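J.: I am sharing structure-v7.txt, which consists of compact mmCIF, N, CA, C and O atoms:
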# COMPACT_ATOMS: atom_id res chain seq x y z
N MET A 1 100.03 40.90 -97.48
CA MET A 1 98.62 41.23 -97.34
C MET A 1 97.82 40.40 -98.34
O MET A 1 98.16 40.33 -99.51
N LYS A 2 96.75 39.78 -97.84
CA LYS A 2 95.90 38.94 -98.69
C LYS A 2 94.89 39.80 -99.45
O LYS A 2 94.44 40.82 -98.96
N LYS A 3 94.56 39.36 -100.65
CA LYS A 3 93.56 40.05 -101.47
C LYS A 3 92.26 39.26 -101.39
O LYS A 3 92.23 38.10 -101.80
N LEU A 4 91.22 39.89 -100.86
CA LEU A 4 89.93 39.24 -100.67
C LEU A 4 88.90 39.86 -101.60
O LEU A 4 88.63 41.05 -101.51
N LEU A 5 88.37 39.05 -102.50
CA LEU A 5 87.35 39.50 -103.45
C LEU A 5 85.97 39.07 -102.97
O LEU A 5 85.77 37.91 -102.62
N ILE A 6 85.05 40.02 -102.95
CA ILE A 6 83.65 39.72 -102.66
C ILE A 6 82.89 40.01 -103.95
O ILE A 6 82.96 41.12 -104.47
N MET A 7 82.20 38.97 -104.46
CA MET A 7 81.51 39.17 -105.72
C MET A 7 80.09 38.63 -105.67
O MET A 7 79.78 37.72 -104.90
N CYS A 8 79.26 39.24 -106.50
CA CYS A 8 77.88 38.78 -106.67
C CYS A 8 77.55 38.85 -108.15
O CYS A 8 78.42 39.06 -108.99
N GLY A 9 76.30 38.69 -108.49
CA GLY A 9 75.90 38.69 -109.89
C GLY A 9 76.11 40.01 -110.59
O GLY A 9 76.55 40.07 -111.73
N THR A 10 75.82 41.12 -109.90
CA THR A 10 75.92 42.44 -110.53
C THR A 10 77.02 43.33 -109.96
O THR A 10 77.34 44.36 -110.53
N GLY A 11 77.58 42.96 -108.80
CA GLY A 11 78.61 43.78 -108.17
C GLY A 11 78.04 44.97 -107.44
O GLY A 11 78.77 45.88 -107.04
N ILE A 12 76.72 44.98 -107.22
CA ILE A 12 76.09 46.14 -106.59
C ILE A 12 75.45 45.77 -105.25
O ILE A 12 75.95 46.12 -104.20
N ALA A 13 74.35 45.07 -105.28
CA ALA A 13 73.52 44.91 -104.08
C ALA A 13 74.10 43.96 -103.04
O ALA A 13 74.57 44.39 -101.99
N THR A 14 74.07 42.66 -103.32
CA THR A 14 74.47 41.73 -102.26
C THR A 14 75.95 41.82 -101.93
O THR A 14 76.33 41.65 -100.78
N SER A 15 76.79 42.10 -102.91
CA SER A 15 78.22 42.20 -102.59
C SER A 15 78.48 43.41 -101.70
O SER A 15 79.40 43.39 -100.87
N THR A 16 77.68 44.46 -101.81
CA THR A 16 77.84 45.62 -100.94
C THR A 16 77.48 45.26 -99.50
O THR A 16 78.20 45.63 -98.56
N ILE A 17 76.41 44.52 -99.33
CA ILE A 17 76.00 44.07 -97.99
C ILE A 17 77.07 43.18 -97.38
O ILE A 17 77.49 43.38 -96.24
N VAL A 18 77.53 42.21 -98.16
CA VAL A 18 78.54 41.27 -97.68
C VAL A 18 79.85 41.98 -97.38
O VAL A 18 80.50 41.71 -96.36
N THR A 19 80.26 42.91 -98.23
CA THR A 19 81.50 43.66 -97.99
C THR A 19 81.42 44.40 -96.66
O THR A 19 82.38 44.39 -95.88
N GLY A 20 80.30 45.04 -96.38
CA GLY A 20 80.13 45.75 -95.11
C GLY A 20 80.25 44.82 -93.91
O GLY A 20 80.91 45.14 -92.92
N LYS A 21 79.64 43.65 -94.01
CA LYS A 21 79.69 42.69 -92.90
C LYS A 21 81.08 42.11 -92.72
O LYS A 21 81.55 41.93 -91.60
N VAL A 22 81.76 41.81 -93.83
CA VAL A 22 83.12 41.28 -93.75
C VAL A 22 84.06 42.34 -93.17
O VAL A 22 84.90 42.04 -92.32
N LYS A 23 83.90 43.58 -93.62
CA LYS A 23 84.74 44.67 -93.12
C LYS A 23 84.58 44.82 -91.60
O LYS A 23 85.57 44.93 -90.86
N SER A 24 83.35 44.78 -91.11
CA SER A 24 83.09 44.88 -89.67
C SER A 24 83.71 43.70 -88.93
O SER A 24 84.34 43.87 -87.88
N TRP A 25 83.56 42.50 -89.47
CA TRP A 25 84.11 41.31 -88.85
C TRP A 25 85.64 41.37 -88.79
O TRP A 25 86.24 41.02 -87.78
N LEU A 26 86.26 41.84 -89.88
CA LEU A 26 87.72 41.97 -89.90
C LEU A 26 88.18 42.92 -88.80
O LEU A 26 89.16 42.63 -88.09
N GLU A 27 87.48 44.05 -88.63
CA GLU A 27 87.85 45.01 -87.59
C GLU A 27 87.65 44.43 -86.20
O GLU A 27 88.52 44.60 -85.33
N GLU A 28 86.55 43.73 -85.98
CA GLU A 28 86.28 43.12 -84.67
C GLU A 28 87.33 42.09 -84.30
O GLU A 28 87.60 41.85 -83.12
N ASN A 29 87.92 41.45 -85.30
CA ASN A 29 88.91 40.40 -85.07
C ASN A 29 90.35 40.86 -85.33
O ASN A 29 91.26 40.04 -85.41
N ASN A 30 90.54 42.17 -85.44
CA ASN A 30 91.86 42.76 -85.67
C ASN A 30 92.59 42.13 -86.86
O ASN A 30 93.79 41.89 -86.81
N LEU A 31 91.85 41.89 -87.93
CA LEU A 31 92.43 41.30 -89.13
C LEU A 31 92.43 42.27 -90.30
O LEU A 31 92.91 41.94 -91.40
N GLN A 32 91.92 43.49 -90.11
CA GLN A 32 91.78 44.44 -91.21
C GLN A 32 93.10 44.82 -91.85
O GLN A 32 93.14 45.17 -93.03
N THR A 33 94.21 44.74 -91.12
CA THR A 33 95.50 45.09 -91.69
C THR A 33 96.11 43.96 -92.51
O THR A 33 97.11 44.14 -93.18
N LYS A 34 95.50 42.78 -92.46
CA LYS A 34 96.02 41.62 -93.17
C LYS A 34 95.32 41.40 -94.52
O LYS A 34 95.72 40.52 -95.27
N VAL A 35 94.28 42.21 -94.80
CA VAL A 35 93.46 41.97 -95.98
C VAL A 35 93.17 43.26 -96.73
O VAL A 35 92.90 44.29 -96.12
N LYS A 36 93.21 43.18 -98.05
CA LYS A 36 92.73 44.28 -98.90
C LYS A 36 91.45 43.78 -99.56
O LYS A 36 91.45 42.73 -100.21
N LEU A 37 90.35 44.51 -99.38
CA LEU A 37 89.06 44.10 -99.90
C LEU A 37 88.82 44.62 -101.31
O LEU A 37 89.14 45.77 -101.61
N PHE A 38 88.22 43.77 -102.13
CA PHE A 38 87.80 44.13 -103.48
C PHE A 38 86.35 43.68 -103.63
O PHE A 38 85.93 42.69 -103.05
N GLN A 39 85.59 44.41 -104.43
CA GLN A 39 84.18 44.08 -104.66
C GLN A 39 83.90 44.17 -106.15
O GLN A 39 84.32 45.12 -106.80
N SER A 40 83.19 43.17 -106.68
CA SER A 40 82.96 43.17 -108.12
C SER A 40 81.81 42.24 -108.48
O SER A 40 81.21 41.62 -107.61
N LYS A 41 81.55 42.16 -109.80
CA LYS A 41 80.57 41.19 -110.29
C LYS A 41 81.30 40.03 -110.92
O LYS A 41 82.41 40.18 -111.46
N ILE A 42 80.69 38.87 -110.86
CA ILE A 42 81.35 37.64 -111.29
C ILE A 42 81.83 37.70 -112.74
O ILE A 42 82.92 37.25 -113.06
N SER A 43 81.06 38.31 -113.63
CA SER A 43 81.43 38.32 -115.05
C SER A 43 82.74 39.06 -115.30
O SER A 43 83.46 38.75 -116.25
N GLU A 44 83.08 40.02 -114.45
CA GLU A 44 84.33 40.76 -114.61
C GLU A 44 85.53 40.04 -114.00
O GLU A 44 86.67 40.39 -114.28
N GLU A 45 85.27 39.07 -113.12
CA GLU A 45 86.37 38.46 -112.37
C GLU A 45 86.75 37.05 -112.81
O GLU A 45 87.80 36.56 -112.42
N LEU A 46 85.93 36.39 -113.61
CA LEU A 46 86.21 35.00 -113.96
C LEU A 46 87.60 34.79 -114.55
O LEU A 46 88.25 33.80 -114.26
N GLY A 47 88.08 35.72 -115.32
CA GLY A 47 89.40 35.58 -115.92
C GLY A 47 90.54 36.00 -115.01
O GLY A 47 91.70 35.82 -115.34
N ARG A 48 90.20 36.55 -113.84
CA ARG A 48 91.24 37.05 -112.92
C ARG A 48 91.18 36.39 -111.55
O ARG A 48 91.77 36.91 -110.59
N ILE A 49 90.50 35.27 -111.44
CA ILE A 49 90.32 34.60 -110.14
C ILE A 49 91.65 34.35 -109.44
O ILE A 49 91.77 34.50 -108.23
N ASP A 50 92.68 33.98 -110.20
CA ASP A 50 93.97 33.65 -109.59
C ASP A 50 94.68 34.86 -108.99
O ASP A 50 95.67 34.70 -108.27
N GLU A 51 94.20 36.07 -109.24
CA GLU A 51 94.81 37.26 -108.67
C GLU A 51 94.44 37.46 -107.20
O GLU A 51 95.04 38.27 -106.51
N TYR A 52 93.44 36.70 -106.73
CA TYR A 52 92.94 36.88 -105.36
C TYR A 52 93.31 35.68 -104.50
O TYR A 52 93.36 34.55 -104.97
N ASP A 53 93.54 35.96 -103.21
CA ASP A 53 93.87 34.90 -102.26
C ASP A 53 92.60 34.27 -101.70
O ASP A 53 92.58 33.08 -101.38
N ILE A 54 91.57 35.09 -101.53
CA ILE A 54 90.32 34.64 -100.91
C ILE A 54 89.17 35.20 -101.75
O ILE A 54 89.18 36.37 -102.10
N ILE A 55 88.18 34.36 -102.03
CA ILE A 55 87.02 34.80 -102.81
C ILE A 55 85.75 34.40 -102.07
O ILE A 55 85.58 33.23 -101.70
N VAL A 56 84.89 35.37 -101.85
CA VAL A 56 83.58 35.13 -101.25
C VAL A 56 82.55 35.51 -102.29
O VAL A 56 82.59 36.62 -102.83
N SER A 57 81.62 34.59 -102.58
CA SER A 57 80.63 34.87 -103.62
C SER A 57 79.22 34.60 -103.11
O SER A 57 78.98 33.62 -102.39
N THR A 58 78.29 35.47 -103.52
CA THR A 58 76.88 35.25 -103.19
C THR A 58 76.12 34.72 -104.40
O THR A 58 74.90 34.60 -104.36
N THR A 59 76.83 34.41 -105.46
CA THR A 59 76.20 33.89 -106.67
C THR A 59 76.85 32.56 -107.04
O THR A 59 77.93 32.23 -106.55
N LEU A 60 76.20 31.81 -107.89
CA LEU A 60 76.76 30.54 -108.34
C LEU A 60 78.04 30.79 -109.13
O LEU A 60 78.14 31.75 -109.88
N VAL A 61 79.00 29.90 -108.94
CA VAL A 61 80.27 30.01 -109.66
C VAL A 61 80.50 28.74 -110.47
O VAL A 61 80.00 27.68 -110.11
N PRO A 62 81.26 28.85 -111.56
CA PRO A 62 81.54 27.66 -112.38
C PRO A 62 82.28 26.59 -111.57
O PRO A 62 83.05 26.90 -110.65
N ASP A 63 82.06 25.34 -111.92
CA ASP A 63 82.67 24.22 -111.21
C ASP A 63 84.19 24.32 -111.14
O ASP A 63 84.80 23.94 -110.15
N ASN A 64 84.82 24.86 -112.19
CA ASN A 64 86.29 24.89 -112.23
C ASN A 64 86.90 25.85 -111.20
O ASN A 64 88.09 25.77 -110.94
N ILE A 65 86.11 26.74 -110.61
CA ILE A 65 86.67 27.62 -109.56
C ILE A 65 85.99 27.40 -108.20
O ILE A 65 86.34 28.05 -107.22
N LYS A 66 85.04 26.48 -108.15
CA LYS A 66 84.26 26.26 -106.92
C LYS A 66 85.15 25.99 -105.70
O LYS A 66 84.86 26.45 -104.60
N SER A 67 86.24 25.25 -105.89
CA SER A 67 87.10 24.90 -104.76
C SER A 67 87.81 26.12 -104.17
O SER A 67 88.25 26.09 -103.02
N LYS A 68 87.91 27.21 -104.93
CA LYS A 68 88.59 28.42 -104.46
C LYS A 68 87.65 29.41 -103.79
O LYS A 68 88.09 30.41 -103.25
N VAL A 69 86.33 29.14 -103.87
CA VAL A 69 85.34 30.14 -103.48
C VAL A 69 84.63 29.76 -102.19
O VAL A 69 84.21 28.61 -102.01
N ILE A 70 84.49 30.74 -101.30
CA ILE A 70 83.72 30.58 -100.07
C ILE A 70 82.33 31.13 -100.33
O ILE A 70 82.18 32.24 -100.84
N ASP A 71 81.32 30.36 -99.98
CA ASP A 71 79.93 30.76 -100.17
C ASP A 71 79.58 31.90 -99.22
O ASP A 71 79.65 31.75 -98.00
N GLY A 72 79.19 33.05 -99.76
CA GLY A 72 78.86 34.22 -98.95
C GLY A 72 77.39 34.33 -98.57
O GLY A 72 77.01 35.24 -97.85
N VAL A 73 76.55 33.41 -99.06
CA VAL A 73 75.12 33.47 -98.78
C VAL A 73 74.81 33.46 -97.27
O VAL A 73 73.86 34.14 -96.85
N PRO A 74 75.57 32.76 -96.43
CA PRO A 74 75.28 32.82 -94.99
C PRO A 74 75.24 34.24 -94.42
O PRO A 74 74.54 34.49 -93.43
N LEU A 75 75.95 35.17 -95.03
CA LEU A 75 75.89 36.55 -94.54
C LEU A 75 74.59 37.24 -94.92
O LEU A 75 74.24 38.27 -94.35
N LEU A 76 73.88 36.68 -95.86
CA LEU A 76 72.57 37.22 -96.25
C LEU A 76 71.46 36.57 -95.45
O LEU A 76 70.48 37.21 -95.08
N THR A 77 71.62 35.27 -95.16
CA THR A 77 70.58 34.52 -94.46
C THR A 77 70.80 34.47 -92.95
O THR A 77 69.87 34.25 -92.20
N GLY A 78 72.06 34.62 -92.53
CA GLY A 78 72.39 34.50 -91.11
C GLY A 78 72.64 33.06 -90.69
O GLY A 78 73.08 32.80 -89.58
N ILE A 79 72.37 32.11 -91.57
CA ILE A 79 72.53 30.69 -91.25
C ILE A 79 73.91 30.22 -91.70
O ILE A 79 74.23 30.26 -92.89
N GLY A 80 74.74 29.80 -90.74
CA GLY A 80 76.07 29.30 -91.07
C GLY A 80 77.14 30.36 -91.21
O GLY A 80 78.23 30.09 -91.69
N LYS A 81 76.85 31.58 -90.74
CA LYS A 81 77.84 32.65 -90.97
C LYS A 81 79.10 32.47 -90.13
O LYS A 81 80.18 32.85 -90.58
N GLU A 82 79.01 31.86 -88.94
CA GLU A 82 80.22 31.65 -88.14
C GLU A 82 81.18 30.69 -88.84
O GLU A 82 82.39 30.90 -88.84
N ASP A 83 80.62 29.63 -89.44
CA ASP A 83 81.46 28.68 -90.20
C ASP A 83 82.11 29.38 -91.39
O ASP A 83 83.27 29.14 -91.70
N MET A 84 81.34 30.25 -92.04
CA MET A 84 81.86 30.98 -93.18
C MET A 84 83.01 31.90 -92.76
O MET A 84 84.05 31.94 -93.40
N PHE A 85 82.81 32.63 -91.64
CA PHE A 85 83.88 33.50 -91.15
C PHE A 85 85.11 32.70 -90.74
O PHE A 85 86.24 33.14 -90.92
N GLU A 86 84.91 31.50 -90.21
CA GLU A 86 86.04 30.65 -89.83
C GLU A 86 86.85 30.26 -91.07
O GLU A 86 88.08 30.25 -91.04
N LYS A 87 86.17 29.97 -92.18
CA LYS A 87 86.86 29.64 -93.43
C LYS A 87 87.68 30.83 -93.92
O LYS A 87 88.81 30.68 -94.38
N ILE A 88 87.11 32.02 -93.82
CA ILE A 88 87.83 33.23 -94.23
C ILE A 88 89.06 33.42 -93.34
O ILE A 88 90.16 33.69 -93.83
N LYS A 89 88.88 33.24 -92.05
CA LYS A 89 90.00 33.43 -91.10
C LYS A 89 91.12 32.45 -91.40
O LYS A 89 92.30 32.81 -91.39
N GLU A 90 90.77 31.19 -91.68
CA GLU A 90 91.78 30.19 -92.01
C GLU A 90 92.58 30.62 -93.25
O GLU A 90 93.80 30.45 -93.29
N GLN A 91 91.89 31.17 -94.25
CA GLN A 91 92.57 31.62 -95.47
C GLN A 91 93.46 32.83 -95.20
O GLN A 91 94.54 32.93 -95.77
N ILE A 92 93.00 33.73 -94.34
CA ILE A 92 93.80 34.92 -94.02
C ILE A 92 95.09 34.53 -93.31
O ILE A 92 96.16 35.04 -93.60
N LEU A 93 94.98 33.57 -92.39
CA LEU A 93 96.13 33.20 -91.56
C LEU A 93 97.00 32.12 -92.20
O LEU A 93 98.06 31.81 -91.67
N ALA A 94 96.56 31.58 -93.33
CA ALA A 94 97.33 30.50 -93.99
C ALA A 94 98.63 31.02 -94.56
O ALA A 94 98.75 32.14 -94.96
Just dump the structure as C-alpha cells.
T.:
Amino acid sequence: MKKLLIMCGTGIATSTIVTGKVKSWLEENNLQTKVKLFQSKISEELGRIDEYDIIVSTTLVPDNIKSKVIDGVPLLTGIGKEDMFEKIKEQILA
C-alpha cells in the first residue's frame, strides 16, 4: 500500500479540500485500497518526506524535494487537474 501525503502551508484549509477531492477520485477509480492518505502542513513533514511514496502539495516546496512532489494547485483552480491525477495514478501503479 502506497503512502500519499497531502500538504499545504498550515495543514488545515487547502489540504482538507485537496484530500477530499483525491479521496473521491481514488474511489471513482477503484484505487482507494492501494493508498493510505495522510494530511499535514509542510513544516511538519520536511524531515519525513522519504516516508511517503507520493506527495501532493498546494504550497511551495524546497528545491531539494521538488522532484518528489506533485503540484496540488490544479485541484484548487480546476486547471490541469486531469494531468495531476494522471501523475498520481502513475505513482500509485508504479
J.: Might you pull out every residue within 4.5 Å of segment 19-36 of chain A, with all atoms listed in the file counted and same-chain residues fewer than 3 positions away left off, and present them as a list in words?
T.: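 The contact residues come out as Met1, Lys2, Lys3, Leu4, Ser15 and Thr16 of chain A.
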J.: Mind checking which residues fall within 8 Å of Leu5 of chain A, counting all atoms listed in the file, ignoring those fewer than 4 positions away in the same chain, and posting them as a VMD selection string?
T.: chain A and resid 36 to 40 51 to 58 68 to 70
J.: Chain A: which residues are strand (DSSP E or B) by DSSP, as a PyMOL selection string?
T.: chain A and resi 2-8+35-41+54-57+69-71
J.: Those residues you just picked out, can you put them in a file as a short mmCIF file (atom, residue, chain, number, x, y, z; two decimals), in the frame of the given file with N, CA, C and O atoms?
T.:
data_model
loop_
_atom_site.label_atom_id
_atom_site.label_comp_id
_atom_site.auth_asym_id
_atom_site.auth_seq_id
_atom_site.Cartn_x
_atom_site.Cartn_y
_atom_site.Cartn_z
N LYS A 2 96.75 39.78 -97.84
CA LYS A 2 95.90 38.94 -98.69
C LYS A 2 94.89 39.80 -99.45
O LYS A 2 94.44 40.82 -98.96
N LYS A 3 94.56 39.36 -100.65
CA LYS A 3 93.56 40.05 -101.47
C LYS A 3 92.26 39.26 -101.39
O LYS A 3 92.23 38.10 -101.80
N LEU A 4 91.22 39.89 -100.86
CA LEU A 4 89.93 39.24 -100.67
C LEU A 4 88.90 39.86 -101.60
O LEU A 4 88.63 41.05 -101.51
N LEU A 5 88.37 39.05 -102.50
CA LEU A 5 87.35 39.50 -103.45
C LEU A 5 85.97 39.07 -102.97
O LEU A 5 85.77 37.91 -102.62
N ILE A 6 85.05 40.02 -102.95
CA ILE A 6 83.65 39.72 -102.66
C ILE A 6 82.89 40.01 -103.95
O ILE A 6 82.96 41.12 -104.47
N MET A 7 82.20 38.97 -104.46
CA MET A 7 81.51 39.17 -105.72
C MET A 7 80.09 38.63 -105.67
O MET A 7 79.78 37.72 -104.90
N CYS A 8 79.26 39.24 -106.50
CA CYS A 8 77.88 38.78 -106.67
C CYS A 8 77.55 38.85 -108.15
O CYS A 8 78.42 39.06 -108.99
N VAL A 35 94.28 42.21 -94.80
CA VAL A 35 93.46 41.97 -95.98
C VAL A 35 93.17 43.26 -96.73
O VAL A 35 92.90 44.29 -96.12
N LYS A 36 93.21 43.18 -98.05
CA LYS A 36 92.73 44.28 -98.90
C LYS A 36 91.45 43.78 -99.56
O LYS A 36 91.45 42.73 -100.21
N LEU A 37 90.35 44.51 -99.38
CA LEU A 37 89.06 44.10 -99.90
C LEU A 37 88.82 44.62 -101.31
O LEU A 37 89.14 45.77 -101.61
N PHE A 38 88.22 43.77 -102.13
CA PHE A 38 87.80 44.13 -103.48
C PHE A 38 86.35 43.68 -103.63
O PHE A 38 85.93 42.69 -103.05
N GLN A 39 85.59 44.41 -104.43
CA GLN A 39 84.18 44.08 -104.66
C GLN A 39 83.90 44.17 -106.15
O GLN A 39 84.32 45.12 -106.80
N SER A 40 83.19 43.17 -106.68
CA SER A 40 82.96 43.17 -108.12
C SER A 40 81.81 42.24 -108.48
O SER A 40 81.21 41.62 -107.61
N LYS A 41 81.55 42.16 -109.80
CA LYS A 41 80.57 41.19 -110.29
C LYS A 41 81.30 40.03 -110.92
O LYS A 41 82.41 40.18 -111.46
N ILE A 54 91.57 35.09 -101.53
CA ILE A 54 90.32 34.64 -100.91
C ILE A 54 89.17 35.20 -101.75
O ILE A 54 89.18 36.37 -102.10
N ILE A 55 88.18 34.36 -102.03
CA ILE A 55 87.02 34.80 -102.81
C ILE A 55 85.75 34.40 -102.07
O ILE A 55 85.58 33.23 -101.70
N VAL A 56 84.89 35.37 -101.85
CA VAL A 56 83.58 35.13 -101.25
C VAL A 56 82.55 35.51 -102.29
O VAL A 56 82.59 36.62 -102.83
N SER A 57 81.62 34.59 -102.58
CA SER A 57 80.63 34.87 -103.62
C SER A 57 79.22 34.60 -103.11
O SER A 57 78.98 33.62 -102.39
N VAL A 69 86.33 29.14 -103.87
CA VAL A 69 85.34 30.14 -103.48
C VAL A 69 84.63 29.76 -102.19
O VAL A 69 84.21 28.61 -102.01
N ILE A 70 84.49 30.74 -101.30
CA ILE A 70 83.72 30.58 -100.07
C ILE A 70 82.33 31.13 -100.33
O ILE A 70 82.18 32.24 -100.84
N ASP A 71 81.32 30.36 -99.98
CA ASP A 71 79.93 30.76 -100.17
C ASP A 71 79.58 31.90 -99.22
O ASP A 71 79.65 31.75 -98.00
#
J.: Which distance in Å separates atom C of Leu46 of chain A and atom C of Asp71 of chain A, to one decimal?
T.: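 We find that atom C of Leu46 of chain A and atom C of Asp71 of chain A lie 17.5 Å from each other.
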